[in-house]
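Peer 1: I have a structure I would like to understand better, so I am pasting it below and will then ask my questions one at a time.
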Amino acid sequence: MASLRRVDDQGVVFRSHIDGSEHSLTPEGAVHLQQRLGADIVMALDECPPYTVEKRRVREAMDRTHRWAEKCREAEARQDQHLFGIVQGGVFADLRRESAAYLTALDLPGYAIGGLSLGETKKETLSIVEETVACLPGDKPRYLMGVGSPEDLVENVARGVDLFDSALPTRTARNGALFAAAGRLNIRNAGYRGLDQPIDAGCDCYTCQRFSVAYLSHLFRSKELLAYRLATIHNLRFIMRLMEGMRQAIVRAVSMTSRGNSWPSIEPRTRMCGWPRSSAG
């Protein structure tokens with residue numbers, strides 16, 4: 001919707017795609033809105049340029065993001081909320097290092113890595129994450145924005161990321177792609193019509209504990225609304241179990257290190273079945 005918005009140092013002016021009404025959002029306004037919502041984590045307003053633009057344009061967006069971060073910090077009024085700055089810089093490692101240095105100098109409660117998963121290769125994404133994480137303080141949360149597939153979570157936790165957000169688990173669920181220990185399962189495939197077993201035998205979610213793959217297949221083929229709800233419940237619980245497993249692995253690693261043993265690495269390319277076997281805490 002780039003044609004509906006205008007960006008300058010003051011903020012963003014955009015038109016509604018619904019009724020054409022004009023709205024503006026400033027850095028200060030973004031903070032005030034999130035304060036009224038009662039958010040625990042408040043994100044500074046940032047400019048995220050397209051992956052395809054030249055470096056000069058990426059730098060302009062990065063510099064504007066830095067200025068907005070300062071304005072957001074000045075607008076903070078509540079002590080029970082935590083302002084995160086967003087590191088920008090596209091796929092340019094030097095800009096990422098510069099952005100991380102600028103934002104960490106503001107001594108914010110946490111830092112996000114933005115502007116990735118916009119069309120670049122997975123190799124580029126992981127390389128930039130490594131570059132950026134290395135420049136962020138280890139005693140503050142590091143949040144990778146817009147990443148949420150099981151394999152990407154494992155890869156990026158192994159690189160030092162703490163927080164994630166993504167619509168992918170729920171979107172794929174609504175489209176019939178379900179996460180399982182052996183990989184993704186396309187519930188619309190004919191082979192699942194008669195499968196009388198749960199999506200994942202090791203899963204403790206409501207869906208797996210009560211319904212078979214065959215029944216879910218029927219719901220999707222019939223376009224019953226319950227199909228999307230049950231699939232979403234499963235995918236979200238799969239992701240939660242995956243994260244629980246990684247947290248437990250990190251705690252065990254810290255415990256072993258404190259006893260003088262070597263740090264056992266979290267292998268990023270472990271199959272998905274390596275993580276989600278933990279039960280609910």
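Simple scheme: letters A, B, ... for chains in structure tokens order, numbers from 1 for residues in each chain, numbers from 1 for ligands in the order shown.
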Contacts of segment 221-224 of chain A at 12 Å or less, counting only C-alpha atoms, minus same-chain residues fewer than 4 places along, as a compact mmCIF listing (two decimals) with N, CA, C and O atoms, in the first residue's frame?

Peer 2:
# COMPACT_ATOMS: atom_id res chain seq x y z
N ARG A 174 -4.57 -22.26 8.82
CA ARG A 174 -5.83 -22.01 8.10
C ARG A 174 -5.79 -22.53 6.67
O ARG A 174 -6.83 -22.82 6.07
N ASN A 175 -4.57 -22.68 6.14
CA ASN A 175 -4.43 -23.20 4.78
C ASN A 175 -4.20 -24.72 4.77
O ASN A 175 -3.93 -25.29 3.71
N GLY A 176 -4.30 -25.35 5.94
CA GLY A 176 -4.21 -26.80 6.00
C GLY A 176 -2.81 -27.37 6.15
O GLY A 176 -2.63 -28.57 5.97
N ILE A 187 -2.95 -31.31 5.26
CA ILE A 187 -4.14 -32.07 5.63
C ILE A 187 -5.09 -32.27 4.47
O ILE A 187 -5.97 -33.14 4.50
N ARG A 188 -4.93 -31.50 3.39
CA ARG A 188 -5.82 -31.63 2.24
C ARG A 188 -5.45 -32.81 1.34
O ARG A 188 -6.23 -33.18 0.45
N ASN A 189 -4.29 -33.40 1.54
CA ASN A 189 -3.88 -34.54 0.71
C ASN A 189 -4.80 -35.73 0.95
O ASN A 189 -5.19 -36.03 2.09
N ALA A 190 -5.11 -36.43 -0.11
CA ALA A 190 -6.07 -37.54 -0.03
C ALA A 190 -5.61 -38.65 0.90
O ALA A 190 -6.43 -39.35 1.50
N TYR A 192 -4.64 -38.61 3.81
CA TYR A 192 -4.97 -38.42 5.22
C TYR A 192 -6.45 -38.64 5.53
O TYR A 192 -6.87 -38.54 6.67
N ARG A 193 -7.24 -38.97 4.53
CA ARG A 193 -8.69 -39.10 4.74
C ARG A 193 -9.05 -40.20 5.72
O ARG A 193 -10.05 -40.09 6.44
N ALA A 214 -7.95 -37.96 10.22
CA ALA A 214 -9.06 -38.21 9.29
C ALA A 214 -10.21 -37.21 9.53
O ALA A 214 -10.80 -36.69 8.57
N TYR A 215 -10.50 -36.94 10.80
CA TYR A 215 -11.58 -36.01 11.10
C TYR A 215 -11.21 -34.59 10.66
O TYR A 215 -12.03 -33.87 10.09
N LEU A 216 -9.96 -34.20 10.90
CA LEU A 216 -9.52 -32.88 10.45
C LEU A 216 -9.57 -32.77 8.94
O LEU A 216 -9.95 -31.74 8.38
N SER A 217 -9.18 -33.85 8.26
CA SER A 217 -9.24 -33.88 6.81
C SER A 217 -10.68 -33.66 6.34
O SER A 217 -10.94 -32.89 5.41
N TYR A 228 -10.38 -24.63 10.90
CA TYR A 228 -9.36 -23.59 11.06
C TYR A 228 -9.01 -23.37 12.53
O TYR A 228 -7.86 -23.11 12.87
N ARG A 229 -10.01 -23.49 13.40
CA ARG A 229 -9.77 -23.33 14.83
C ARG A 229 -8.89 -24.46 15.37
O ARG A 229 -7.90 -24.22 16.07
N LEU A 230 -9.23 -25.70 15.02
CA LEU A 230 -8.46 -26.84 15.54
C LEU A 230 -7.03 -26.86 14.99
O LEU A 230 -6.08 -27.17 15.71
N ALA A 231 -6.88 -26.52 13.72
CA ALA A 231 -5.55 -26.48 13.13
C ALA A 231 -4.69 -25.40 13.77
O ALA A 231 -3.50 -25.59 14.04

Peer 1: My list of candidates is A:Ala100, A:Leu95, A:Ala253, A:Cys205. Which is closest to Arg56 of chain A when distances are computed with only C-alpha atoms?

Peer 2: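 Selected residue with least distance to Arg56 of chain A: A:Leu95.
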
Peer 1: Restricting the calculation to only C-alpha atoms: of A:Leu242, A:Leu83, A:Arg64, A:Ala201, which residue gets closest to Glu151 of chain A?

Peer 2: A:Leu242

Peer 1: As JSON, numbers by chain, please: every residue in segment 30-157 of chain A that DSSP puts in alpha helix (DSSP H).

Peer 2: {"A": [30, 31, 32, 33, 34, 35, 36, 37, 55, 56, 57, 58, 59, 60, 61, 62, 63, 64, 65, 66, 67, 68, 69, 70, 71, 72, 73, 74, 75, 93, 94, 95, 96, 97, 98, 99, 100, 101, 102, 103, 104, 122, 123, 124, 125, 126, 127, 128, 129, 130, 131, 132, 133, 150, 151, 152, 153, 154, 155, 156, 157]}

Peer 1: Could you jot down the atom CA of His23 of chain A to atom CA of Val53 of chain A separation for me, Å, one decimal place?

Peer 2: 26.0 Å

Peer 1: If I take atom CA of Arg36 of chain A and atom CA of Leu116 of chain A, how far is one from the other in Å, to one decimal?

Peer 2: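 If I compute the distance from atom CA of Arg36 of chain A to atom CA of Leu116 of chain A, I get 28.5 Å.
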
Peer 1: Fewer than 2 positions away in the same chain doesn't count, so skip those; otherwise give me all residues within 12 Å of Gly148 of chain A, counting only C-alpha atoms, as a ChimeraX atom specification.

Peer 2: /A:117,143-146,150-157,163-172,235-236,238-240,242-243
